[in-house]
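Asks: Attaching a single structure in structure tokens format; questions to follow.
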Protein chains: 2
Amino acid sequence: MTLVKQKSEGSPELAAIADKLHSAAIHLVRRLRVRDRESGIGPAQLSALSVLVFGGPRSLGELADAEQVRPPTMSRIVSSLERARLVRREATEDGRRVRLLATAKGTKILWEGRQRRVESLANALALLGETERARLAELAELLPEIVRKI
Amino acid sequence: MTLVKQKSEGSPELAAIADKLHSAAIHLVRRLRVRDRESGIGPAQLSALSVLVFGGPRSLGELADAEQVRPPTMSRIVSSLERARLVRREATEDGRRVRLLATAKGTKILWEGRQRRVESLANALALLGETERARLAELAELLPEIVRKI
DNA sequence: TCATTTAGTTAGCATAGCTAACTATATTCG
DNA sequence: CGAATATAGTTAGCTATGCTAACTAAATGA
């Protein structure tokens with residue numbers, strides 16, 4: 001009953017923005033997953049690997065934080081990546097911590113996936129006007145900031 | 001070798017846009033999943049349910065298409081939703097098809113989740129300037145179109 | 001030194017993706 | 001009309017990814 005009228009707090013269209021963003025994000029991830037599957041490596045592994053490739057080496061806990069998953073989840077993801085020789089574990093001064101690094105093979109695989117993604121997105125972007133494409137570029141910058149703040 | 005220099009087709013920054021969008025989408029979904037977990041229903045179920053609530057009744061195959069998953073996957077998702085009394089199956093003239101409808105309970109749960117999401121996003125948006133918030137609203141409109149075109 | 005804290009792993013469970021193979025209903029065509 | 005084909009969903013079985021609880025090992029600190 002009161003559902004549709006929900007204008008109580010903040011902007012009235014906030015809910016619609018949240019819905020659309022959420023839904024679009026889900027579907028974007030699913031679309032690109034189709035191409036990512038060609039890499040033969042799962043989406044969580046690919047995402048974790050990209051943090052190491054573009055963000056540099058870090059510990060398991062830091063990687064888990066970056067990926068917003070719990071340590072046991074990241075532990076298993078890293079094990080899979082290590083088994084596939086895409087990531088290497090290194091000991092650190094602090095005997096509890098490990099340093100995780102992308103291998104050359106891991107970096108290569110990630111770049112190949114990136115190219116497939118660009119290929120897919122390029123078709124979509126080609127259908128947009130120059131203005132919209134520019135706006136999309138701005139928004140691609142904006143979105144990570146928002147995500148960080150949630 | 002040719003990886004880094006890849007400027008051959010389209011805009012040079014296309015790859016960066018694709019990366020940021022993809023990464024932001026993944027992380028946005030993960031952030032909001034934390035709140036969605038409070039509903040006690042999985043993300044795939046929630047997403048499928050939202051199609052029925054906001055998009056109206058449809059067949060299992062149509063729902064699978066909308067959600068970009070295979071029929072067996074959707075079959076199981078719907079079974080879970082049905083068991084939880086959030087979705088109802090109805091027979092149609094075509095004996096092979098089923099019509100799927102959100103129940104009142106399903107609709108209620110979805111709106112509650114929507115409110116939690118808004119609550120989370122509202123905090124993030126409150127930290128943004130008016131200009132950025134407006135730009136985000138644009139993105140929320142633009143993104144689904146792009147996703148549809150991929 | 002010995003208790004506590006911190007980092008990561010192991011075990012076990014649930015959800016969600018997939019393909020292959022099946023059932024049941026509709027449709028098409030000889 | 002009746003057999004072959006096509007379409008819609010389900011079932012079975014695999015993998016990947018989330019989680020919590022409980023563990024090991026190393027560092028810290030009182």
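We label chains A, B, ... in the order they appear in the structure tokens, count residues from 1 in each chain, and number ligands from 1 in the order shown.
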Go ahead and align chain B to chain A (same sequence, so just pair every C-alpha in order, least squares) and export the moved chain as a compact mmCIF listing (two decimals) with N, CA and C atoms, in the first residue's frame.
Replies:
```
# COMPACT_ATOMS: atom_id res chain seq x y z
N MET B 1 2.10 -1.13 2.52
CA MET B 1 1.30 0.09 2.43
C MET B 1 2.13 1.33 2.12
N THR B 2 3.02 1.63 3.03
CA THR B 2 3.82 2.85 2.88
C THR B 2 4.84 2.68 1.78
N LEU B 3 4.86 1.48 1.20
CA LEU B 3 5.93 1.15 0.25
C LEU B 3 5.96 2.08 -0.96
N VAL B 4 4.83 2.24 -1.60
CA VAL B 4 4.83 2.98 -2.84
C VAL B 4 5.01 4.48 -2.62
N LYS B 5 4.55 4.94 -1.50
CA LYS B 5 4.54 6.38 -1.27
C LYS B 5 5.89 6.89 -0.74
N GLN B 6 6.74 5.97 -0.38
CA GLN B 6 8.06 6.25 0.17
C GLN B 6 8.81 7.42 -0.48
N LYS B 7 8.43 8.65 -0.09
CA LYS B 7 9.13 9.81 -0.61
C LYS B 7 9.77 10.56 0.54
N SER B 8 9.72 9.97 1.69
CA SER B 8 10.10 10.63 2.93
C SER B 8 11.47 11.29 2.90
N GLU B 9 12.53 10.49 2.59
CA GLU B 9 13.87 11.05 2.73
C GLU B 9 14.58 11.23 1.38
N GLY B 10 15.24 12.37 1.22
CA GLY B 10 16.02 12.62 0.02
C GLY B 10 15.16 12.74 -1.21
N SER B 11 15.80 12.54 -2.39
CA SER B 11 15.10 12.64 -3.65
C SER B 11 14.11 11.51 -3.77
N PRO B 12 12.99 11.78 -4.41
CA PRO B 12 11.99 10.72 -4.60
C PRO B 12 12.49 9.65 -5.57
N GLU B 13 13.34 10.06 -6.52
CA GLU B 13 13.76 9.10 -7.54
C GLU B 13 15.00 8.30 -7.14
N LEU B 14 15.43 8.50 -5.89
CA LEU B 14 16.60 7.78 -5.41
C LEU B 14 16.46 6.28 -5.54
N ALA B 15 15.27 5.81 -5.18
CA ALA B 15 15.03 4.36 -5.24
C ALA B 15 15.17 3.85 -6.66
N ALA B 16 14.65 4.62 -7.60
CA ALA B 16 14.72 4.21 -9.01
C ALA B 16 16.17 4.18 -9.49
N ILE B 17 16.93 5.17 -9.09
CA ILE B 17 18.36 5.20 -9.47
C ILE B 17 19.06 3.98 -8.90
N ALA B 18 18.80 3.72 -7.64
CA ALA B 18 19.44 2.58 -6.98
C ALA B 18 19.08 1.29 -7.68
N ASP B 19 17.81 1.14 -8.02
CA ASP B 19 17.36 -0.06 -8.71
C ASP B 19 18.06 -0.23 -10.05
N LYS B 20 18.05 0.83 -10.83
CA LYS B 20 18.62 0.76 -12.18
C LYS B 20 20.10 0.46 -12.13
N LEU B 21 20.78 1.14 -11.22
CA LEU B 21 22.21 0.92 -11.10
C LEU B 21 22.50 -0.52 -10.72
N HIS B 22 21.76 -0.99 -9.72
CA HIS B 22 21.97 -2.34 -9.23
C HIS B 22 21.71 -3.35 -10.34
N SER B 23 20.57 -3.18 -10.99
CA SER B 23 20.19 -4.10 -12.05
C SER B 23 21.18 -4.05 -13.20
N ALA B 24 21.57 -2.85 -13.60
CA ALA B 24 22.52 -2.71 -14.71
C ALA B 24 23.85 -3.35 -14.35
N ALA B 25 24.27 -3.17 -13.11
CA ALA B 25 25.55 -3.74 -12.68
C ALA B 25 25.49 -5.26 -12.76
N ILE B 26 24.41 -5.83 -12.27
CA ILE B 26 24.25 -7.28 -12.32
C ILE B 26 24.32 -7.78 -13.76
N HIS B 27 23.60 -7.10 -14.64
CA HIS B 27 23.53 -7.58 -16.01
C HIS B 27 24.80 -7.31 -16.80
N LEU B 28 25.45 -6.22 -16.48
CA LEU B 28 26.75 -5.95 -17.12
C LEU B 28 27.74 -7.05 -16.78
N VAL B 29 27.78 -7.38 -15.50
CA VAL B 29 28.70 -8.43 -15.06
C VAL B 29 28.38 -9.75 -15.76
N ARG B 30 27.09 -10.05 -15.89
CA ARG B 30 26.71 -11.31 -16.53
C ARG B 30 27.08 -11.35 -18.00
N ARG B 31 26.88 -10.22 -18.68
CA ARG B 31 27.23 -10.16 -20.11
C ARG B 31 28.72 -10.40 -20.30
N LEU B 32 29.50 -9.69 -19.53
CA LEU B 32 30.95 -9.77 -19.73
C LEU B 32 31.49 -11.11 -19.26
N ARG B 33 30.76 -11.74 -18.37
CA ARG B 33 31.17 -13.06 -17.90
C ARG B 33 31.25 -14.04 -19.05
N VAL B 34 30.38 -13.85 -20.04
CA VAL B 34 30.38 -14.75 -21.19
C VAL B 34 31.74 -14.71 -21.88
N ARG B 35 32.27 -13.51 -22.08
CA ARG B 35 33.59 -13.38 -22.70
C ARG B 35 34.68 -13.86 -21.75
N ASP B 36 34.51 -13.53 -20.47
CA ASP B 36 35.53 -13.91 -19.49
C ASP B 36 35.69 -15.41 -19.39
N ARG B 37 34.60 -16.12 -19.69
CA ARG B 37 34.64 -17.57 -19.58
C ARG B 37 35.68 -18.16 -20.53
N GLU B 38 35.95 -17.42 -21.61
CA GLU B 38 36.93 -17.88 -22.58
C GLU B 38 38.33 -18.00 -21.97
N SER B 39 38.54 -17.25 -20.91
CA SER B 39 39.87 -17.32 -20.28
C SER B 39 40.04 -18.61 -19.50
N GLY B 40 38.95 -19.32 -19.27
CA GLY B 40 39.03 -20.58 -18.54
C GLY B 40 39.24 -20.38 -17.05
N ILE B 41 39.00 -19.17 -16.58
CA ILE B 41 39.16 -18.88 -15.16
C ILE B 41 37.93 -18.15 -14.65
N GLY B 42 37.50 -18.50 -13.45
CA GLY B 42 36.25 -17.98 -12.92
C GLY B 42 36.27 -16.49 -12.67
N PRO B 43 35.09 -15.87 -12.54
CA PRO B 43 34.98 -14.42 -12.39
C PRO B 43 35.62 -13.89 -11.11
N ALA B 44 35.48 -14.61 -10.03
CA ALA B 44 36.06 -14.15 -8.77
C ALA B 44 37.58 -14.19 -8.86
N GLN B 45 38.11 -15.22 -9.51
CA GLN B 45 39.55 -15.35 -9.69
C GLN B 45 40.08 -14.23 -10.58
N LEU B 46 39.34 -13.95 -11.64
CA LEU B 46 39.74 -12.91 -12.58
C LEU B 46 39.77 -11.55 -11.88
N SER B 47 38.76 -11.31 -11.06
CA SER B 47 38.67 -10.03 -10.39
C SER B 47 39.79 -9.86 -9.37
N ALA B 48 40.07 -10.92 -8.63
CA ALA B 48 41.15 -10.88 -7.64
C ALA B 48 42.49 -10.68 -8.35
N LEU B 49 42.67 -11.39 -9.43
CA LEU B 49 43.90 -11.28 -10.20
C LEU B 49 44.11 -9.86 -10.70
N SER B 50 43.03 -9.22 -11.11
CA SER B 50 43.17 -7.87 -11.65
C SER B 50 43.63 -6.89 -10.57
N VAL B 51 43.22 -7.13 -9.32
CA VAL B 51 43.70 -6.28 -8.23
C VAL B 51 45.22 -6.40 -8.11
N LEU B 52 45.71 -7.62 -8.22
CA LEU B 52 47.16 -7.83 -8.10
C LEU B 52 47.91 -7.25 -9.30
N VAL B 53 47.32 -7.40 -10.48
CA VAL B 53 48.00 -6.91 -11.68
C VAL B 53 48.01 -5.39 -11.72
N PHE B 54 46.85 -4.77 -11.50
CA PHE B 54 46.78 -3.31 -11.62
C PHE B 54 47.13 -2.61 -10.32
N GLY B 55 46.95 -3.30 -9.18
CA GLY B 55 47.18 -2.65 -7.90
C GLY B 55 48.47 -3.06 -7.21
N GLY B 56 49.11 -4.08 -7.73
CA GLY B 56 50.37 -4.53 -7.14
C GLY B 56 50.17 -5.56 -6.04
N PRO B 57 51.28 -6.15 -5.56
CA PRO B 57 51.27 -7.22 -4.58
C PRO B 57 50.64 -6.78 -3.26
N ARG B 58 50.02 -7.71 -2.59
CA ARG B 58 49.48 -7.45 -1.27
C ARG B 58 49.18 -8.75 -0.55
N SER B 59 48.81 -8.65 0.72
CA SER B 59 48.54 -9.84 1.53
C SER B 59 47.16 -10.40 1.22
N LEU B 60 46.91 -11.60 1.68
CA LEU B 60 45.62 -12.23 1.45
C LEU B 60 44.49 -11.43 2.09
N GLY B 61 44.71 -10.95 3.30
CA GLY B 61 43.69 -10.18 3.99
C GLY B 61 43.35 -8.90 3.25
N GLU B 62 44.39 -8.24 2.75
CA GLU B 62 44.19 -7.00 2.01
C GLU B 62 43.40 -7.27 0.73
N LEU B 63 43.75 -8.36 0.10
CA LEU B 63 43.06 -8.73 -1.14
C LEU B 63 41.59 -9.06 -0.86
N ALA B 64 41.36 -9.74 0.24
CA ALA B 64 39.98 -10.06 0.63
C ALA B 64 39.19 -8.77 0.88
N ASP B 65 39.83 -7.80 1.54
CA ASP B 65 39.18 -6.52 1.78
C ASP B 65 38.86 -5.83 0.46
N ALA B 66 39.85 -5.79 -0.41
CA ALA B 66 39.68 -5.13 -1.70
C ALA B 66 38.54 -5.76 -2.48
N GLU B 67 38.41 -7.06 -2.35
CA GLU B 67 37.39 -7.77 -3.12
C GLU B 67 36.09 -7.95 -2.34
N GLN B 68 36.09 -7.48 -1.13
CA GLN B 68 34.89 -7.54 -0.30
C GLN B 68 34.36 -8.96 -0.11
N VAL B 69 35.29 -9.85 0.12
CA VAL B 69 34.91 -11.21 0.50
C VAL B 69 35.65 -11.57 1.78
N ARG B 70 35.25 -12.68 2.42
CA ARG B 70 35.87 -13.12 3.66
C ARG B 70 37.18 -13.84 3.38
N PRO B 71 38.06 -13.85 4.36
CA PRO B 71 39.35 -14.51 4.16
C PRO B 71 39.26 -15.96 3.67
N PRO B 72 38.38 -16.78 4.19
CA PRO B 72 38.35 -18.16 3.68
C PRO B 72 38.00 -18.21 2.19
N THR B 73 37.13 -17.34 1.77
CA THR B 73 36.77 -17.29 0.36
C THR B 73 37.99 -16.91 -0.47
N MET B 74 38.69 -15.88 -0.04
CA MET B 74 39.87 -15.44 -0.80
C MET B 74 40.95 -16.50 -0.75
N SER B 75 41.06 -17.18 0.36
CA SER B 75 42.07 -18.24 0.48
C SER B 75 41.89 -19.28 -0.62
N ARG B 76 40.66 -19.67 -0.83
CA ARG B 76 40.41 -20.67 -1.86
C ARG B 76 40.61 -20.12 -3.27
N ILE B 77 40.20 -18.89 -3.48
CA ILE B 77 40.39 -18.25 -4.79
C ILE B 77 41.88 -18.20 -5.12
N VAL B 78 42.67 -17.80 -4.13
CA VAL B 78 44.12 -17.69 -4.35
C VAL B 78 44.73 -19.07 -4.60
N SER B 79 44.24 -20.08 -3.90
CA SER B 79 44.74 -21.43 -4.13
C SER B 79 44.53 -21.86 -5.57
N SER B 80 43.35 -21.55 -6.11
CA SER B 80 43.07 -21.88 -7.50
C SER B 80 44.01 -21.13 -8.44
N LEU B 81 44.18 -19.86 -8.17
CA LEU B 81 45.06 -19.04 -9.01
C LEU B 81 46.50 -19.55 -8.94
N GLU B 82 46.90 -20.00 -7.76
CA GLU B 82 48.26 -20.50 -7.59
C GLU B 82 48.43 -21.82 -8.36
N ARG B 83 47.42 -22.66 -8.25
CA ARG B 83 47.48 -23.95 -8.94
C ARG B 83 47.62 -23.74 -10.45
N ALA B 84 46.98 -22.68 -10.93
CA ALA B 84 47.03 -22.37 -12.37
C ALA B 84 48.27 -21.54 -12.72
N ARG B 85 49.12 -21.29 -11.73
CA ARG B 85 50.37 -20.53 -11.95
C ARG B 85 50.11 -19.10 -12.38
N LEU B 86 49.02 -18.52 -11.90
CA LEU B 86 48.72 -17.14 -12.26
C LEU B 86 49.13 -16.19 -11.15
N VAL B 87 49.27 -16.76 -9.95
CA VAL B 87 49.65 -15.98 -8.76
C VAL B 87 50.68 -16.77 -7.99
N ARG B 88 51.58 -16.05 -7.31
CA ARG B 88 52.62 -16.70 -6.52
C ARG B 88 52.51 -16.19 -5.08
N ARG B 89 52.75 -17.09 -4.12
CA ARG B 89 52.79 -16.71 -2.71
C ARG B 89 54.26 -16.50 -2.32
N GLU B 90 54.53 -15.42 -1.56
CA GLU B 90 55.89 -15.17 -1.07
C GLU B 90 55.82 -14.98 0.43
N ALA B 91 56.83 -15.47 1.14
CA ALA B 91 56.89 -15.27 2.59
C ALA B 91 57.27 -13.82 2.89
N THR B 92 56.85 -13.31 4.04
CA THR B 92 57.22 -11.95 4.45
C THR B 92 57.93 -12.01 5.79
N GLU B 93 58.37 -10.85 6.28
CA GLU B 93 59.02 -10.77 7.59
C GLU B 93 58.06 -11.31 8.65
N ASP B 94 56.82 -10.84 8.58
CA ASP B 94 55.78 -11.34 9.48
C ASP B 94 55.38 -12.73 9.00
N GLY B 95 55.75 -13.72 9.80
CA GLY B 95 55.55 -15.11 9.40
C GLY B 95 54.10 -15.51 9.19
N ARG B 96 53.16 -14.66 9.64
CA ARG B 96 51.76 -15.03 9.47
C ARG B 96 51.25 -14.60 8.10
N ARG B 97 51.83 -13.53 7.60
CA ARG B 97 51.35 -12.97 6.34
C ARG B 97 51.99 -13.61 5.13
N VAL B 98 51.29 -13.56 4.02
CA VAL B 98 51.88 -13.93 2.73
C VAL B 98 51.79 -12.72 1.81
N ARG B 99 52.76 -12.62 0.92
CA ARG B 99 52.66 -11.59 -0.10
C ARG B 99 52.22 -12.29 -1.38
N LEU B 100 51.16 -11.78 -1.99
CA LEU B 100 50.64 -12.38 -3.22
C LEU B 100 51.05 -11.53 -4.41
N LEU B 101 51.58 -12.17 -5.44
CA LEU B 101 52.00 -11.46 -6.65
C LEU B 101 51.46 -12.16 -7.87
N ALA B 102 51.07 -11.37 -8.87
CA ALA B 102 50.67 -11.93 -10.15
C ALA B 102 51.93 -12.41 -10.87
N THR B 103 51.85 -13.57 -11.49
CA THR B 103 52.97 -14.05 -12.31
C THR B 103 52.88 -13.41 -13.69
N ALA B 104 53.90 -13.65 -14.51
CA ALA B 104 53.88 -13.14 -15.88
C ALA B 104 52.68 -13.74 -16.63
N LYS B 105 52.46 -15.03 -16.41
CA LYS B 105 51.34 -15.70 -17.05
C LYS B 105 50.01 -15.08 -16.61
N GLY B 106 49.91 -14.79 -15.31
CA GLY B 106 48.69 -14.19 -14.79
C GLY B 106 48.43 -12.82 -15.41
N THR B 107 49.49 -12.05 -15.54
CA THR B 107 49.38 -10.72 -16.12
C THR B 107 48.94 -10.81 -17.58
N LYS B 108 49.51 -11.77 -18.27
CA LYS B 108 49.19 -11.95 -19.69
C LYS B 108 47.71 -12.32 -19.87
N ILE B 109 47.28 -13.28 -19.08
CA ILE B 109 45.88 -13.72 -19.15
C ILE B 109 44.92 -12.58 -18.87
N LEU B 110 45.28 -11.74 -17.91
CA LEU B 110 44.41 -10.64 -17.56
C LEU B 110 44.30 -9.64 -18.70
N TRP B 111 45.40 -9.37 -19.35
CA TRP B 111 45.38 -8.43 -20.46
C TRP B 111 44.62 -8.97 -21.65
N GLU B 112 44.69 -10.25 -21.83
CA GLU B 112 43.92 -10.85 -22.91
C GLU B 112 42.42 -10.70 -22.63
N GLY B 113 42.04 -10.91 -21.38
CA GLY B 113 40.64 -10.76 -20.99
C GLY B 113 40.19 -9.33 -21.16
N ARG B 114 41.07 -8.43 -20.79
CA ARG B 114 40.77 -7.01 -20.93
C ARG B 114 40.49 -6.68 -22.38
N GLN B 115 41.26 -7.26 -23.27
CA GLN B 115 41.07 -6.99 -24.69
C GLN B 115 39.76 -7.56 -25.21
N ARG B 116 39.39 -8.73 -24.70
CA ARG B 116 38.11 -9.31 -25.10
C ARG B 116 36.96 -8.44 -24.62
N ARG B 117 37.12 -7.92 -23.41
CA ARG B 117 36.08 -7.06 -22.86
C ARG B 117 35.94 -5.80 -23.69
N VAL B 118 37.06 -5.22 -24.03
CA VAL B 118 37.05 -4.01 -24.84
C VAL B 118 36.39 -4.29 -26.17
N GLU B 119 36.72 -5.42 -26.73
CA GLU B 119 36.13 -5.83 -28.00
C GLU B 119 34.60 -5.86 -27.89
N SER B 120 34.09 -6.46 -26.82
CA SER B 120 32.65 -6.55 -26.62
C SER B 120 32.03 -5.18 -26.40
N LEU B 121 32.66 -4.41 -25.53
CA LEU B 121 32.11 -3.10 -25.20
C LEU B 121 32.21 -2.16 -26.39
N ALA B 122 33.24 -2.35 -27.18
CA ALA B 122 33.43 -1.47 -28.33
C ALA B 122 32.25 -1.54 -29.28
N ASN B 123 31.72 -2.73 -29.50
CA ASN B 123 30.55 -2.90 -30.36
C ASN B 123 29.37 -2.12 -29.81
N ALA B 124 29.19 -2.21 -28.49
CA ALA B 124 28.08 -1.52 -27.86
C ALA B 124 28.28 0.00 -27.95
N LEU B 125 29.50 0.42 -27.73
CA LEU B 125 29.78 1.85 -27.71
C LEU B 125 29.70 2.46 -29.10
N ALA B 126 29.98 1.62 -30.09
CA ALA B 126 29.93 2.10 -31.47
C ALA B 126 28.50 2.48 -31.85
N LEU B 127 27.53 1.90 -31.15
CA LEU B 127 26.13 2.18 -31.44
C LEU B 127 25.65 3.45 -30.73
N LEU B 128 26.50 4.00 -29.89
CA LEU B 128 26.12 5.20 -29.15
C LEU B 128 26.64 6.43 -29.86
N GLY B 129 25.99 7.57 -29.60
CA GLY B 129 26.50 8.83 -30.12
C GLY B 129 27.74 9.25 -29.33
N GLU B 130 28.43 10.22 -29.85
CA GLU B 130 29.66 10.70 -29.20
C GLU B 130 29.35 11.24 -27.81
N THR B 131 28.22 11.94 -27.71
CA THR B 131 27.83 12.54 -26.43
C THR B 131 27.64 11.48 -25.37
N GLU B 132 26.89 10.44 -25.77
CA GLU B 132 26.61 9.39 -24.80
C GLU B 132 27.88 8.66 -24.39
N ARG B 133 28.75 8.50 -25.35
CA ARG B 133 30.01 7.81 -25.06
C ARG B 133 30.82 8.62 -24.04
N ALA B 134 30.80 9.91 -24.21
CA ALA B 134 31.52 10.79 -23.29
C ALA B 134 30.90 10.69 -21.89
N ARG B 135 29.58 10.62 -21.88
CA ARG B 135 28.90 10.53 -20.58
C ARG B 135 29.24 9.21 -19.89
N LEU B 136 29.35 8.18 -20.71
CA LEU B 136 29.70 6.88 -20.16
C LEU B 136 31.09 6.91 -19.54
N ALA B 137 31.99 7.62 -20.20
CA ALA B 137 33.34 7.76 -19.67
C ALA B 137 33.30 8.40 -18.29
N GLU B 138 32.42 9.38 -18.14
CA GLU B 138 32.26 10.02 -16.84
C GLU B 138 31.79 9.03 -15.79
N LEU B 139 30.83 8.22 -16.18
CA LEU B 139 30.27 7.25 -15.26
C LEU B 139 31.35 6.28 -14.80
N ALA B 140 32.18 5.90 -15.73
CA ALA B 140 33.24 4.96 -15.41
C ALA B 140 34.16 5.54 -14.34
N GLU B 141 34.29 6.87 -14.34
CA GLU B 141 35.12 7.52 -13.32
C GLU B 141 34.37 7.67 -12.01
N LEU B 142 33.11 8.01 -12.15
CA LEU B 142 32.30 8.34 -10.97
C LEU B 142 31.92 7.11 -10.15
N LEU B 143 31.60 6.04 -10.85
CA LEU B 143 31.06 4.87 -10.18
C LEU B 143 31.96 4.29 -9.09
N PRO B 144 33.25 4.12 -9.37
CA PRO B 144 34.11 3.55 -8.33
C PRO B 144 34.10 4.38 -7.05
N GLU B 145 33.98 5.71 -7.20
CA GLU B 145 33.93 6.57 -6.01
C GLU B 145 32.70 6.29 -5.18
N ILE B 146 31.60 6.16 -5.87
CA ILE B 146 30.35 5.89 -5.17
C ILE B 146 30.41 4.55 -4.47
N VAL B 147 30.92 3.57 -5.19
CA VAL B 147 31.01 2.24 -4.61
C VAL B 147 31.86 2.26 -3.35
N ARG B 148 32.93 3.03 -3.40
CA ARG B 148 33.82 3.10 -2.23
C ARG B 148 33.10 3.71 -1.04
N LYS B 149 32.13 4.54 -1.33
CA LYS B 149 31.45 5.27 -0.25
C LYS B 149 30.25 4.53 0.33
N ILE B 150 29.80 3.53 -0.34
CA ILE B 150 28.59 2.82 0.12
C ILE B 150 28.83 2.18 1.48
```
Asks: Could you pull out the strand (DSSP E) residues of chain B, going by DSSP on the backbone, and write them as a ChimeraX atom specification?
Replies: /B:87-91,98-102
Asks: Show which residues sit within 12 Å of C:DT1, as a list in words. Count only C-alpha atoms (C1' of nucleotides), and ignore same-chain residues fewer than 2 positions away.
Replies: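 Non-adjacent residues within range: DA3 of chain C; DG29 and DA30 of chain D.
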Asks: Distance atom C1' of D:DA27-atom C1' of C:DT10, one decimal place?
Replies: 21.8 Å
Asks: Quick check for you: according to DSSP on this backbone, which residues of chain A are classed as alpha helix (DSSP H)? Reply as a PyMOL selection string.
Replies: chain A and resi 14-36+43-55+60-67+71-83+104-126+130-149
Asks: Near chain B, meaning an atom within 10 Å, which residues of chain D appear when counting only C-alpha atoms (C1' of nucleotides)? Write them as an MDAnalysis selection string.
Replies: chainID D and resid 7:11
